[in-house]
Amino acid sequence: LLISTLSWPGSAFMGSVARAVRQGGDVARRYHVPRWRQVGQSYKAAMRHNMNARLFYDFDLFRPDAPSPGSFIMPHELRIIADVLSATSMSPDITDRVAFLRRCDELGLPCVPVLARFDPDGTVAWADDALQQAQGRDLYLKPADWDDGLCGELWQWRSGQGCWLRHGNRVTLDDIGARARDLSAGRTMLLQPFEPAHPVLRPLGLLGSCSVRCFTLAAIGGEPELVAALTRIPGGWWRAECGPEYGLTARVVDLRTGELGDGVKSRSPQRWKRHPETGEVIAGLRLPLWDEARALATEAHRLMPDYPVMSWDIVIGTDTLRLLGGSPAPRIDTARFPAGEGMNDERFANFILAHCERLGAVAAVH
């Protein structure tokens with residue numbers, strides 16, 4: 001810790017220079033901010049606010065109208081807040097996917113059901129109606145926590161053959177269960193129905209499904225408020241097979257209509273108005289069932305008011321919406337990266353502190 005602290009000025013400066021070399025040219029052309037000024041601004045943010053060069057560029061803080069780096073609440077700070085709240089009996093722990101989906105089911109919120117859970121100790125828990133829910137649907141086998149490894153597998157239903165297929169192999173539900181037990185060594189695996197996206201979004205997702213991530217804030221005693229949203233678009237050879245990586249994200253630039261902005265990739269200054277592989281339009285596309293998705297996110301937060309900030313992953317189907325996941329410690333900078341404008345302002349901080357004050361936990365947050 002001492003070495004890291006003493007080396008921070010030097011490493012921060014080198015990081016600022018490296019980022020300016022890598023991304024500074026595009027920034028200089030688009031925003032007329034020379035590289036030397038980018039280095040100075042980035043280094044100043046590092047010294048005064050402990051913000052590294054990656055976040056400086058992810059938050060677009062080189063822009064003349066950018067908010068102060070000191071007004072941002074970092075993702076690790078949100079995680080501390082979530083840990084503090086979930087450690088109390090006042091807030092149900094929904095920090096893992098299984099607990100979150102269980103809570104959604106208890107509250108009657110539409111969510112992607114868990115047909116079976118396979119634990120590392122060999123324990124297997126099937127839903128009572130797993131066979132009925134699985135029949136006639138594609139199935140997705142994935143880890144409960146993607147940090148445990150990328151091992152998602154898509155099993156496609158073939159109605160004419162009355163079975164599932166993967167890589168040309170015909171299997172039954174028992175065979176999929178046996179495969180899940182093999183993959184559960186060292187991780188918890190979940191078997192869920194694969195939810196196809198709305199026809200408007202399906203061309204963007206290739207064989208994967210686009211999902212919409214909505215960010216909501218809730219003050220104590222107040223109504224939840226949607227503050228940002230983005231669409232996660234699968235890319236490359238993802239095809240719902242290897243994991244949760246998404247090729248692009250596109251911010252919802254108009255929260256009233258659900259209109260998307262340019263697609264972006266993390267750590268890349270390039271932006272796409274069309275999908276780079278399929279040519280499908282991204283910028284200007286309006287999300288289908290957007291009003292319903294927005295209402296679902298705020299209603300879910302209304303029913304789970306214990307956390308000040310939440311993200312909700314929603315699959316927009318042909319005529320239905322389902323919650324795929326949620327987090328009380330979302331990566332706000334994921335939404336900020338394609339946004340290019342401030343959202344972590346003083347009001348945002350006050351909402352969060354209001355929740356912590358009721359627990360006497362402000363000191364822990366600071």
# chains A, B, ... in the order shown; residues from 1 in each chain; ligands from 1
$ select_by_dssp --residues "stretch 90-159 of chain A" --states "helix (DSSP H, G or I)" --output "VMD selection string"
chain A and resid 97 to 107 130 to 134 146 to 148
$ residues_around --residues "A:Asn169" --least-positions-apart "4" --cutoff "12 Å" --atoms "only C-alpha atoms" --output "compact mmCIF listing (two decimals) with N, CA, C and O atoms, in the first residue's frame"
# COMPACT_ATOMS: atom_id res chain seq x y z
N TRP A 155 -28.79 -24.27 -25.96
CA TRP A 155 -29.36 -25.53 -26.44
C TRP A 155 -30.65 -25.21 -27.17
O TRP A 155 -31.60 -24.69 -26.56
N GLN A 156 -30.71 -25.49 -28.46
CA GLN A 156 -31.83 -25.06 -29.29
C GLN A 156 -32.86 -26.18 -29.47
O GLN A 156 -32.51 -27.32 -29.79
N TRP A 157 -34.12 -25.84 -29.28
CA TRP A 157 -35.22 -26.80 -29.39
C TRP A 157 -35.57 -27.06 -30.84
O TRP A 157 -35.65 -26.14 -31.65
N ARG A 158 -35.77 -28.30 -31.18
CA ARG A 158 -36.22 -28.71 -32.50
C ARG A 158 -37.55 -29.42 -32.36
O ARG A 158 -37.61 -30.59 -31.93
N GLN A 161 -38.22 -32.80 -33.99
CA GLN A 161 -37.53 -33.95 -33.43
C GLN A 161 -37.83 -34.16 -31.96
O GLN A 161 -37.45 -35.17 -31.37
N CYS A 163 -36.63 -32.63 -29.32
CA CYS A 163 -35.44 -32.66 -28.47
C CYS A 163 -34.67 -31.36 -28.66
O CYS A 163 -35.05 -30.48 -29.43
N TRP A 164 -33.58 -31.25 -27.91
CA TRP A 164 -32.70 -30.09 -28.05
C TRP A 164 -31.46 -30.48 -28.84
O TRP A 164 -31.04 -31.65 -28.83
N LEU A 165 -30.89 -29.50 -29.54
CA LEU A 165 -29.69 -29.73 -30.34
C LEU A 165 -28.62 -28.73 -29.95
O LEU A 165 -28.90 -27.56 -29.68
N ASP A 175 -29.90 -35.02 -20.24
CA ASP A 175 -28.55 -34.86 -20.78
C ASP A 175 -28.01 -33.46 -20.49
O ASP A 175 -26.83 -33.29 -20.16
N ILE A 176 -28.87 -32.45 -20.62
CA ILE A 176 -28.45 -31.08 -20.32
C ILE A 176 -28.11 -30.95 -18.83
O ILE A 176 -27.14 -30.29 -18.45
$ residues_around --residues "stretch 194-204 of chain A" --least-positions-apart "5" --cutoff "9 Å" --atoms "only C-alpha atoms" --output "JSON, numbers by chain"
{"A": [112, 137, 138, 139, 140, 141, 154, 155, 156, 209, 210, 211, 233, 234, 235, 275, 278, 279, 280, 281, 282, 287, 288, 315, 316, 317, 318, 319, 320, 322]}
$ closest_residue --among "A:Pro110, A:Pro276, A:Gly177, A:Gly261" --to "A:Val124" --atoms "only C-alpha atoms"
A:Gly177
$ select_by_dssp --residues "stretch 1-232 of chain A" --states "strand (DSSP E or B)" --output "tab-separated table (two decimals) with C-alpha atoms, in the first residue's frame"
chain	number	residue	atom	x	y	z
A	111	CYS	CA	-38.44	-12.38	-14.77
A	116	ALA	CA	-32.56	-25.65	-12.31
A	117	ARG	CA	-29.59	-24.72	-10.13
A	118	PHE	CA	-26.40	-26.80	-9.99
A	124	VAL	CA	-29.12	-29.94	-7.80
A	125	ALA	CA	-32.42	-28.12	-7.41
A	126	TRP	CA	-35.00	-28.41	-10.21
A	139	LEU	CA	-32.44	-23.28	-23.10
A	140	TYR	CA	-29.44	-21.37	-21.84
A	141	LEU	CA	-26.96	-22.88	-19.39
A	142	LYS	CA	-24.77	-20.25	-17.72
A	143	PRO	CA	-22.90	-19.51	-14.49
A	153	GLU	CA	-24.08	-22.85	-23.66
A	154	LEU	CA	-27.19	-22.48	-25.84
A	155	TRP	CA	-29.36	-25.53	-26.44
A	156	GLN	CA	-31.83	-25.06	-29.29
A	157	TRP	CA	-35.22	-26.80	-29.39
A	158	ARG	CA	-36.22	-28.71	-32.50
A	163	CYS	CA	-35.44	-32.66	-28.47
A	164	TRP	CA	-32.70	-30.09	-28.05
A	165	LEU	CA	-29.69	-29.73	-30.34
A	166	ARG	CA	-26.23	-28.31	-29.83
A	169	ASN	CA	-26.06	-33.53	-31.05
A	170	ARG	CA	-29.58	-34.48	-29.98
A	171	VAL	CA	-30.09	-34.36	-26.20
A	189	MET	CA	-24.67	-23.05	-12.89
A	190	LEU	CA	-28.20	-21.99	-13.81
A	191	LEU	CA	-30.48	-23.41	-16.48
A	192	GLN	CA	-32.94	-20.86	-17.85
A	193	PRO	CA	-35.13	-20.45	-20.93
A	211	SER	CA	-30.90	-6.44	-23.42
A	212	VAL	CA	-31.77	-3.02	-22.07
A	213	ARG	CA	-30.09	-1.83	-18.88
A	214	CYS	CA	-32.07	0.82	-17.01
A	215	PHE	CA	-30.61	2.83	-14.12
A	216	THR	CA	-32.99	4.15	-11.49
A	217	LEU	CA	-32.62	6.31	-8.39
A	225	GLU	CA	-36.73	7.88	-11.24
A	226	LEU	CA	-35.18	6.57	-14.45
A	227	VAL	CA	-31.91	8.47	-14.96
A	228	ALA	CA	-30.16	6.57	-17.74
A	229	ALA	CA	-30.48	3.54	-19.97
A	230	LEU	CA	-28.48	1.71	-22.60
A	231	THR	CA	-28.82	-1.25	-24.91
A	232	ARG	CA	-26.23	-4.00	-24.84
$ atom_distance --atom1 "atom CA of A:Thr257" --atom2 "atom CA of A:Gly284"
10.4 Å
